[in-house]
Structures are given as C-alpha cells and as structure tokens.
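Colleague: Sending over a structure as structure tokens; questions will come in a sec.
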Amino acid sequence: MKIVFVVISIILTSLAGHAQFDKFKKSVTNTTKTISQVTNGAEGLKEKKAAVTSEDKSSNSNIKSTNNTNSAGTVNEDSGSHYYIRPDGKGKTATKESPAKDIAAIAMQLKAGDVVHLAAGIYTSKADQSSDVFTVPISIIGGYSPDFSVRDPWGKYKTVFSGSNDINKGLTTERIGILTDKGFKDWKGEIVVDGIIVDNGARNYYSSDKEEFIRRKASPEKGMNPTPNTPGIKIRTGSGTKVIIKNCIVTNTAPTQGAIDVQVGKEGAATIENNLIVNNTGEGIMCKSNHHGASGQPSYTVKNNTILFTWKYDAIASHGGNSLMFDNALSLTAENNVFGFSDYGGVNNIKQCKTVTLKNNLFVGHKKYDYQEFSTGLKLDELEDYANYITSDSENNYSQEIKLNVNKAWAEKYFGRVEISRAEVDASAKVSNSGANQLRAMFGLPLQASSVKKDADIWLHRMALEDVIRLGISTYGKNTGCSMPVI
C-alpha cells in the first residue's frame with residue numbers, strides 16, 4: 001500500500017492569521033514537485049489487538065532530543081505497587097513475568113500511588129468498552145517492549161488506547177480518566193501519564209466508510225454510539241496533587257472541551273510537556289482550576305507541545321477550535337509550543353486569566369486570531385500593544401516558515417470542506433405548521449423551525465496514526481514543539 005505525502009512550506013512572518021491559512025491551502029493545491037511516495041510500514045488501528053512489534057519507518061528520522069529520560073516518568077518508585085500489562089497477558093497477577101492483559105483487569109485492586117506499566121499493543125478495555133476511568137490517583141506509563149526492559153512510545157513500542165463504536169459495547173466517556181477530587185481531595189502525591197497514545201478513530205461514528213464526517217447522535221438501528229464528545233485524557237484532582245502528562249499523543253477525538261483536559265485543585269500544579277495533539281475538535285489543551293479562592297490558585301506549565309488542526313465542535317459552533325484554552329483562577333506559563341491551524345485561534349484567554357506568560361511559542365495558520373482576550377482577537381504582532389493579561393516575562397513568540405509532511409488526500413479534504421455560518425443555517429430553517437407552533441403563536445412565543453441538514457455534517461476526517469506521528473517528529477521553528485521521546 002502506498003501513501004502520497006506533500007511537503008508544504010509556509011511563509012508566515014508578515015501575514016495575518018487567515019492569510020496564513022489561505023497560503024497553506026494554496027500550497028497544498030499547487031505543489032506537485034514536492035510530492036513523494038512513502039511506504040506505509042506502520043500498523044493500523046482497525047480491529048487489531050496484537051502487540052505492536054514492527055518498527056515505524058519514520059522512527060529514526062528527524063529525531064530531536066528531550067530531557068525525559070526516566071523510564072517510569074518522575075514517579076517515586078516507593079510510592080505504591082507496580083503492575084505490568086501486555087496484550088497477551090492473563091489473570092490479575094500483573095507482574096513483569098506474568099502480566100495482565102488490560103488495565104481494566106486490575107482496576108479494582110489499584111490503590112493511591114500505584115503505577116501501571118503497559119507494553120506495546122492496542123488496548124480497548126474490558127469487553128471493548130473503550131473507556132478506562134479511575135477514581136484513585138494512579139500513574140500510567142506506556143511504550144514498553146514486551147519484556148518491559150526498554151521504552152520507545154512513538155516508535156517501535158506504541159501503547160495505543162483505542163476502542164469500539166458498537167452501541168452494545170463501547171462507552172462514550174473519556175478514553176482515559178483519572179478523577180480523584182472526590183475520594184482523594186487532599187492527596188499530596190503525583191499523577192503521571194507518560195507515553196500513551198489515544199486514537200479515537202475506531203470510537204467515532206462516521207457517516208460513511210470514507211470516514212470524513214462524524215455524527216454526534218447515536219443510531220440505535222445501526223447499532224452505533226454517538227461520536228464521544230469527551231477528552232482523550234482527562235485528569236481532575238483535589239488540593240495539593242501534582243499532575244504530569246508527557247510524551248503522549250491524542251488524535252481523532254471530538255470533545256466539547258480539551259483533547260487533553262486537566263483540572264487541578266488548591267495549591268496543585270500540572271506540567272503538560274512534549275505531547276502531540278493533532279486532528280481533534282474542541283480545545284487542544286484545556287487547563288482548569290478546581291479552586292476559586294483568593295489564594296492557593298493552581299499553576300500550569302505547558303511546554304514543548306505540538307498542537308495542529310483543532311476544529312470547532314461542529315459545523316456551526318461558536319466554541320472550540322483553539323490550541324490552548326484555560327480558566328481564570330490559575331497561573332499559566334506556555335513556552336516552546338507549536339500552536340497551528342485551529343479553526344479559531346492559538347491561545348484563548350476569553351476567561352481573562354490575569355497571570356499568563358507566553359514564551360517562544362510558534363503561532364501559525366489560525367483562522368481568526370493568535371490570542372484572544374474578552375471578545376477581541378489579536379494577531380501576534382498586536383500582543384504587546386493590546387493584550388492586558390500577558391506578563392512582562394512574555395517574549396519571543398513568533399511566526400516563520402515551516403514545513404509539514406501532510407498526507408495529500410487528507411489535506412485536500414481539509415481545505416475542500418465547505419464552512420457555513422449560524423446565519424446561513426437559521427435562514428434555511430423552515431417553520432413547521434405544527435400544533436405546538438400554533439400554540440406558541442397564540443402566546444406570542446418564538447416559533448420552532450425544523451432541523452437543517454447542514455447541522456449534520458461535522459468534519460473530522462480520520463488521520464492515520466503513522467501520519468500523526470510523522471507530523472510530531474518533524475522540526476519546527478526554533479526547536480519549538482514536541483519531539484520523539486528519547487528514554
């Protein structure tokens with residue numbers, strides 16, 4: 001099987017956001033000399049549950065260094081018990097020598113501070129229910145070889161959390177959830193999610209075999225769940241807990257809010273580092289506060305992430321479509337990230353967080369703005385003059401020429417989509433002469449219009465995992481964005 005890719009170069013320095021997007025679109029349409037054919041040597045996600053053992057052909061190219069060298073993240077080895085998971089495992093012993101087959105198999109025995117290590121493979125949870133949600137603070141570390149001796153989470157040993165859309169099996173809750181704020185509201189330990197790939201492609205309800213449009217409503221007659229409107233990774237904690245999410249990939253998810261969605265409590269902290277977030281609706285990363293007092297507000301560090309192609313929630317939505325969004329009751333530093341090609345913008349501060357530091361971030365190709373406060377969208381060169389809540393430490397944010405290895409067929413669909421406005425939908429709606437509307441008219445209430453088909457087509461055409469990773473291991477700008485984990 002052959003896949004055609006196009007390498008696209010975008011000159012960005014003096015262009016406004018929408019012009020950047022248009023230039024990218026033109027380059028996809030017109031570029032012919034840069035097309036190359038690449039053999040597809042990576043494994044797919046369709047109904048395969050065998051361990052991933054073949055090395056991705058792109059694993060050894062364009063690799064950048066990273067400081068993430070601890071094979072168990074930063075988890076204290078003495079903080080709890082350690083469990084081991086492999087797709088061909090059996091039982092609940094979950095040792096290196098006798099691993100369990102899925103994290104769901106040992107869920108009931110997990111305690112606060114425990115660490116779960118997962119070998120390469122595709123995991124769909126118990127009976128393909130497609131969601132793993134925990135209420136105890138645990139850490140989840142992936143990307144191991146079958147014997148757990150080495151890690152290569154984006155290359156040879158991918159740990160992929162996927163699932164099913166079968167209405168009789170799959171759940172639509174977050175793919176990975178660690179929600180500890182009720183039972184462990186004052187737990188002072190550390191939660192780490194490291195080296196996990198969440199690909200929701202198999203969980204989505206597509207309108208056809210072309211896997212272009214997603215459906216938000218279930219179809220019981222077809223046995224299909226709605227496309228999950230939940231995060232790929234969701235963590236919510238109480239006071240004092242520290243959260244680290246690093247070396248993870250989230251793709252093909254369709255949440256209302258964050259593809260990675262984190263909410264920490266009083267005096268808590270979160271570090272979201274070296275993650276690849278591509279082709280999702282909602283917000284790429286959503287940072288929230290679980291504490292709204294005058295003091296003790298949580299802090300966030302968001303660094304070296306690559307966030308590309310973040311879509312609006314649906315075809316006419318006025319929300320979603322940002323690389324990064326956050327609450328006001330926190331402090332946030334974002335540095336060395338790539339914020340690229342969102343339907344709305346790069347950084348959304350419409351909630352008016354007053355302590356925001358932006359350093360050395362690459363902004364590229366957003367359709368509305370690079371940064372937003374209030375209802376005003378700002379271009380990158382307007383931040384210094386008009387942004388009210390950016391700290392004095394903010395500096396060196398930029399746009400410049402980049403190159404993207406994009407699957408040509410995927411890119412042509414992306415730029416070929418027809419976007420519509422809320423006004424167009426309202427104008428095409430038809431008011432029915434129903435009994436309910438006659439009654440509403442008698443009382444002077446607004447009449448109810450029929451549904452419009454335009455609402456049904458929600459673009460989130462599936463991107464193959466090997467294409468996602470290829471975007472993540474490329475070098476952008478001044479060493480910004482994520483890189484192949486070197487562990």
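Following the order of the structure tokens, first chain is A, next is B, and so on, with residues numbered from 1 inside each chain and ligands from 1 in the order they appear.
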Which residues are close to Lys359 in chain A, i.e. within 8 Å by only C-alpha atoms, leaving aside same-chain residues fewer than 5 positions away? Reply as a PDB file with C-alpha atoms, in the first residue's frame.

Modeller:
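The resulting file, result12.pdb, is shown below:
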```
ATOM      1  CA  THR A 333       3.187  29.535  31.532  1.00  0.00           C
ATOM      2  CA  ALA A 334       3.240  28.305  27.929  1.00  0.00           C
ATOM      3  CA  GLU A 335       6.613  28.028  26.255  1.00  0.00           C
ATOM      4  CA  ASN A 336       8.206  26.396  23.220  1.00  0.00           C
ATOM      5  CA  ASP A 393       8.121  37.885  31.169  1.00  0.00           C
ATOM      6  CA  SER A 394       6.402  37.009  27.897  1.00  0.00           C
ATOM      7  CA  GLU A 395       8.777  37.187  24.923  1.00  0.00           C
ATOM      8  CA  ASN A 396       9.961  35.787  21.603  1.00  0.00           C
ATOM      9  CA  ASN A 397       6.646  34.441  20.324  1.00  0.00           C
TER      10      ASN A 397
END
```

Colleague: Which residues are near Lys413 in chain A? Cut-off 12 Å, only C-alpha atoms, ignore same chain within fewer than 4 positions. Put them as a list in words.

Modeller: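 Here the answer would be Lys25, Val28, Thr29, Lys210, Glu211, Glu212, Phe213, Val406, Asn407, Lys408, Ala409, Arg417, Val418, Trp459, Leu460, His461, Arg462 and Met463 of chain A.
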
Colleague: Could you write out that same residue set with C-alpha atoms as a PDB file, in the first residue's frame?

Modeller:
```pdb
ATOM      1  CA  LYS A  25      -4.292  25.892   1.258  1.00  0.00           C
ATOM      2  CA  VAL A  28      -1.458  22.063  -0.963  1.00  0.00           C
ATOM      3  CA  THR A  29      -3.379  22.613  -4.182  1.00  0.00           C
ATOM      4  CA  LYS A 210     -14.866   7.316   3.835  1.00  0.00           C
ATOM      5  CA  GLU A 211     -14.501   8.355   7.498  1.00  0.00           C
ATOM      6  CA  GLU A 212     -14.992  12.038   6.767  1.00  0.00           C
ATOM      7  CA  PHE A 213     -17.988  13.304   8.744  1.00  0.00           C
ATOM      8  CA  VAL A 406       0.867  16.090   5.312  1.00  0.00           C
ATOM      9  CA  ASN A 407      -0.968  13.213   3.696  1.00  0.00           C
ATOM     10  CA  LYS A 408      -2.102  14.810   0.422  1.00  0.00           C
ATOM     11  CA  ALA A 409      -5.542  13.167   0.366  1.00  0.00           C
ATOM     12  CA  ARG A 417     -14.630  21.481   3.246  1.00  0.00           C
ATOM     13  CA  VAL A 418     -17.423  23.992   2.903  1.00  0.00           C
ATOM     14  CA  TRP A 459     -15.803  17.421   9.542  1.00  0.00           C
ATOM     15  CA  LEU A 460     -13.254  15.380  11.485  1.00  0.00           C
ATOM     16  CA  HIS A 461     -11.908  13.109   8.787  1.00  0.00           C
ATOM     17  CA  ARG A 462      -9.759  10.428  10.288  1.00  0.00           C
ATOM     18  CA  MET A 463      -5.995  10.791  10.258  1.00  0.00           C
TER      19      MET A 463
END
```

Colleague: Name the residues in contact with Thr251 in chain A at a cut-off of 9 Å, using only C-alpha atoms, excluding same-chain residues fewer than 6 positions from it; report them as number ranges by chain.

Modeller: A: 197-201, 232, 259, 276-280, 462-463, 465, 468

Colleague: Write a file of the selected residues as a tab-separated table (two decimals), in the first residue's frame, keeping C-alpha atoms.

Modeller:
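out-v8.tsv written:
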```tsv
chain	number	residue	atom	x	y	z
A	197	ILE	CA	-1.31	7.15	22.55
A	198	VAL	CA	-5.05	7.82	22.43
A	199	ASP	CA	-6.54	7.32	18.95
A	200	ASN	CA	-10.31	7.63	18.96
A	201	GLY	CA	-10.73	6.87	15.26
A	232	GLY	CA	-8.76	11.62	25.16
A	259	ALA	CA	-8.47	16.71	23.89
A	276	LEU	CA	1.41	15.68	20.20
A	277	ILE	CA	-2.23	16.72	19.76
A	278	VAL	CA	-3.48	16.52	16.16
A	279	ASN	CA	-6.90	16.47	14.47
A	280	ASN	CA	-9.36	16.98	17.31
A	462	ARG	CA	-9.76	10.43	10.29
A	463	MET	CA	-5.99	10.79	10.26
A	465	LEU	CA	-1.64	7.27	13.32
A	468	VAL	CA	0.12	11.92	13.02
```

Colleague: Determine, counting only C-alpha atoms, which protein, DNA and RNA residues have an atom within 6 Å of an atom of range 202-205 of chain A; residues of the same chain fewer than 4 positions away are not included. Present the result as a PyMOL selection string.

Modeller: chain A and resi 163-165+214-215+226-227

Colleague: Output the selection as a PDB file, in the first residue's frame - C-alpha atoms for each residue.

Modeller:
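What landed in again.pdb:
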```pdb
ATOM      1  CA  GLY A 163     -11.956   1.130  21.256  1.00  0.00           C
ATOM      2  CA  SER A 164     -15.221   0.406  19.510  1.00  0.00           C
ATOM      3  CA  ASN A 165     -18.319   2.334  18.467  1.00  0.00           C
ATOM      4  CA  ILE A 214     -18.689  12.366  12.335  1.00  0.00           C
ATOM      5  CA  ARG A 215     -22.134  12.044  13.869  1.00  0.00           C
ATOM      6  CA  PRO A 226     -22.622   8.834  19.103  1.00  0.00           C
ATOM      7  CA  THR A 227     -19.103  10.035  18.494  1.00  0.00           C
TER       8      THR A 227
END
```

Colleague: State, in Å with one decimal place, the distance from CA of Phe161 in chain A to CA of Phe309 in chain A.

Modeller: 20.7 Å

Colleague: Excluding Ser392 in chain A and any residue of its chain fewer than 5 positions from it, enumerate the residues within 12 Å of it, using only C-alpha atoms, and give them as a PyMOL selection string.

Modeller: chain A and resi 333+354-359+383-384+387

Colleague: Excluding same-chain residues fewer than 3 positions from range 290-306 of chain A, what lies within 7 Å of it counting only C-alpha atoms, as a PyMOL selection string?

Modeller: chain A and resi 238+263-277+329-339+472+480-482

Colleague: Go ahead and write the residues just picked, C-alpha atoms, as a short mmCIF file (atom, residue, chain, number, x, y, z; two decimals), in the first residue's frame.

Modeller:
```
data_model
loop_
_atom_site.label_atom_id
_atom_site.label_comp_id
_atom_site.auth_asym_id
_atom_site.auth_seq_id
_atom_site.Cartn_x
_atom_site.Cartn_y
_atom_site.Cartn_z
CA GLY A 238 -8.27 17.92 44.65
CA GLN A 263 -8.34 20.37 36.32
CA VAL A 264 -6.24 20.67 39.48
CA GLY A 265 -7.17 21.95 42.91
CA LYS A 266 -5.88 24.33 45.53
CA GLU A 267 -2.08 24.60 45.59
CA GLY A 268 -1.94 21.93 42.90
CA ALA A 269 0.22 22.02 39.81
CA ALA A 270 0.25 20.49 36.35
CA THR A 271 3.01 20.07 33.78
CA ILE A 272 1.89 19.21 30.24
CA GLU A 273 5.03 18.55 28.24
CA ASN A 274 6.18 17.04 24.94
CA ASN A 275 2.76 15.91 23.75
CA LEU A 276 1.41 15.68 20.20
CA ILE A 277 -2.23 16.72 19.76
CA ALA A 329 -8.40 31.14 38.58
CA LEU A 330 -4.89 29.84 37.87
CA SER A 331 -1.48 30.88 36.64
CA LEU A 332 -0.13 29.56 33.35
CA THR A 333 3.19 29.53 31.53
CA ALA A 334 3.24 28.31 27.93
CA GLU A 335 6.61 28.03 26.26
CA ASN A 336 8.21 26.40 23.22
CA ASN A 337 4.88 25.14 21.85
CA VAL A 338 3.61 24.93 18.28
CA PHE A 339 0.06 26.28 18.03
CA GLY A 472 5.16 15.16 15.55
CA THR A 480 9.63 24.51 19.34
CA GLY A 481 7.06 21.77 19.65
CA CYS A 482 7.30 18.15 20.69
#
```

Colleague: One number please: CA of Lys182 in chain A to CA of Val250 in chain A, in Å, one decimal.

Modeller: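 According to the coordinates, CA of Lys182 in chain A and CA of Val250 in chain A are separated by 26.2 Å.
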
Colleague: Using only C-alpha atoms, can you tell me which of A:His366, A:Lys478, A:Lys288, A:Arg175 comes closest to Ile233 in chain A?

Modeller: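 Of A:His366, A:Lys478, A:Lys288, A:Arg175, the one nearest Ile233 in chain A is A:Arg175, counting only C-alpha atoms.
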
Colleague: Could you please write out, as a PyMOL selection string, every residue of range 50-244 of chain A that DSSP assigns to helix (DSSP H, G or I)?

Modeller: chain A and resi 103-109+126-128+201-203+220-222

Colleague: May I have the selected residues written with N, CA and C atoms, as a short mmCIF file (atom, residue, chain, number, x, y, z; two decimals), in the first residue's frame?

Modeller:
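Output saved as out.cif:
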```cif
data_model
loop_
_atom_site.label_atom_id
_atom_site.label_comp_id
_atom_site.auth_asym_id
_atom_site.auth_seq_id
_atom_site.Cartn_x
_atom_site.Cartn_y
_atom_site.Cartn_z
N ILE A 103 -5.50 -2.94 31.51
CA ILE A 103 -5.55 -2.21 32.77
C ILE A 103 -6.89 -2.42 33.48
N ALA A 104 -7.96 -2.67 32.69
CA ALA A 104 -9.27 -2.91 33.30
C ALA A 104 -9.28 -4.18 34.14
N ALA A 105 -8.41 -5.12 33.84
CA ALA A 105 -8.38 -6.39 34.56
C ALA A 105 -7.93 -6.21 36.01
N ILE A 106 -7.17 -5.15 36.28
CA ILE A 106 -6.65 -4.95 37.64
C ILE A 106 -7.23 -3.69 38.28
N ALA A 107 -8.22 -3.08 37.66
CA ALA A 107 -8.74 -1.79 38.13
C ALA A 107 -9.17 -1.83 39.58
N MET A 108 -9.80 -2.93 40.01
CA MET A 108 -10.35 -2.99 41.36
C MET A 108 -9.28 -3.11 42.43
N GLN A 109 -8.07 -3.52 42.07
CA GLN A 109 -7.02 -3.68 43.07
C GLN A 109 -6.07 -2.49 43.13
N LYS A 126 -12.01 -3.60 28.95
CA LYS A 126 -12.80 -4.80 29.20
C LYS A 126 -13.96 -4.91 28.23
N ALA A 127 -14.05 -6.01 27.50
CA ALA A 127 -15.15 -6.29 26.57
C ALA A 127 -15.35 -5.16 25.58
N ASP A 128 -14.25 -4.53 25.16
CA ASP A 128 -14.30 -3.43 24.19
C ASP A 128 -15.11 -2.23 24.67
N GLY A 201 -10.15 7.13 16.57
CA GLY A 201 -10.73 6.87 15.26
C GLY A 201 -11.73 5.73 15.26
N ALA A 202 -11.40 4.64 15.93
CA ALA A 202 -12.29 3.48 15.95
C ALA A 202 -13.51 3.70 16.84
N ARG A 203 -13.48 4.72 17.70
CA ARG A 203 -14.62 5.01 18.59
C ARG A 203 -15.62 5.96 17.94
N PRO A 220 -29.39 3.84 17.02
CA PRO A 220 -29.70 2.50 17.55
C PRO A 220 -30.01 1.49 16.46
N GLU A 221 -30.65 1.93 15.39
CA GLU A 221 -30.98 0.99 14.32
C GLU A 221 -29.74 0.46 13.61
N LYS A 222 -28.66 1.26 13.61
CA LYS A 222 -27.40 0.80 13.03
C LYS A 222 -26.45 0.24 14.08
#
```

Colleague: Using only C-alpha atoms for the distances, tell me which of A:Leu378, A:Ile244, A:Ile285, A:Val192 is nearest to Thr310 in chain A.

Modeller: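 Using only C-alpha atoms, Thr310 in chain A sits closest to A:Ile285.
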
Colleague: Which of these residues is nearest to Trp154 in chain A, using only C-alpha atoms: A:Asp132, A:Asp194, A:Asp181, A:Asp385?

Modeller: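 Checking each of A:Asp132, A:Asp194, A:Asp181, A:Asp385 against Trp154 in chain A, counting only C-alpha atoms, the winner is A:Asp194.
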